[in-house]
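Visitor: Submitted below is the structure of interest, expressed as structure tokens.
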Amino acid sequence: MAAQGSGSGSMAGNEPEASVTYYRLEEVAKRNSEKETWLVIHGRVYDITRFLDEHPGGGEVLMEQAGRDATESFEDVGHSSDAKEMLKQYYVGEVHPYMILTTVDSSCSCWSNWIIPIMGAVLLAVMYRFYMAESRLS
């Protein structure tokens, strides 16, 4: 469910604060069809459904990212400042701040990030000891 919150307001402080709608990543993930296509870029949620047919790279490229955080893909392509400006017209809200802080990439295995190098070091140490023992016998 989307939550309402306060925005940051204007820099001058003369205008009232705008209301920002916050979405959970699970909500964005449900919107991954050609009927309703949402994605997240830099923590902001965009409804790009009406842009699918207009995208220079084709709608299929956008559908691959639909319903998830497309920040890395968006930046890797090297979009122009015009493209970044165009995003404003598709803006629907923000990813809930709590969700950004607590979301863990499930494809990342923290154990494998440490175990593989450690096992490699142990293997090298054993091989070195074996080599040194062989050279002493000769």
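Letters A, B, ... mark the chains of the structure tokens in the order given; residue numbers begin at 1 per chain; ligand numbers begin at 1, in order shown.
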Segment 83-89 of chain A: which residues within 9 Å, counting only C-alpha atoms, same-chain residues fewer than 4 positions away excluded, as a PyMOL selection string?

Guide: chain A and resi 46+48+79

Visitor: Excluding Arg31 of chain A and its own-chain neighbours fewer than 4 positions away, which residues fall within 12 Å of it when counting only C-alpha atoms? Please give them as a ChimeraX atom specification.

Guide: /A:23-27,35-40,45-49,63,65-68

Visitor: Can you list every residue in segment 16-96 of chain A that DSSP puts in strand (DSSP E), as a list in words?

Guide: Ser19, Val20, Thr21, Tyr22, Tyr23, Trp38, Leu39, Val40, Ile41, Arg44, Val45, Tyr46, Asp47, Tyr91, Val92, Gly93, Glu94 and Val95 of chain A

Visitor: List the spatial neighbours of Arg44 of chain A as number ranges by chain - criterion: any atom at most 9 Å away, only C-alpha atoms, same-chain residues fewer than 5 positions off excluded.

Guide: A: 39, 91-95

Visitor: Give me the residues near His42 of chain A as number ranges by chain, where near means some atom within 9 Å (using only C-alpha atoms) and where sequence neighbours in that chain fewer than 3 positions away do not count.

Guide: A: 45, 69-72

Visitor: What is the distance, in Å and to one decimal place, between atom CA of Ser33 of chain A and atom CA of Gly57 of chain A?

Guide: 17.6 Å

Visitor: Kindly indicate which residue among A:Val28, A:Phe51, A:Gly43, A:Ser135 lies nearest to Tyr98 of chain A, using only C-alpha atoms for the distances.

Guide: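 Looking at the shortest contact to Tyr98 of chain A, the residue is A:Gly43.
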
Visitor: Distance atom CA of Glu60 of chain A-atom CA of Phe74 of chain A, one decimal place?

Guide: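 Spanning atom CA of Glu60 of chain A to atom CA of Phe74 of chain A is a straight-line distance of 14.1 Å.
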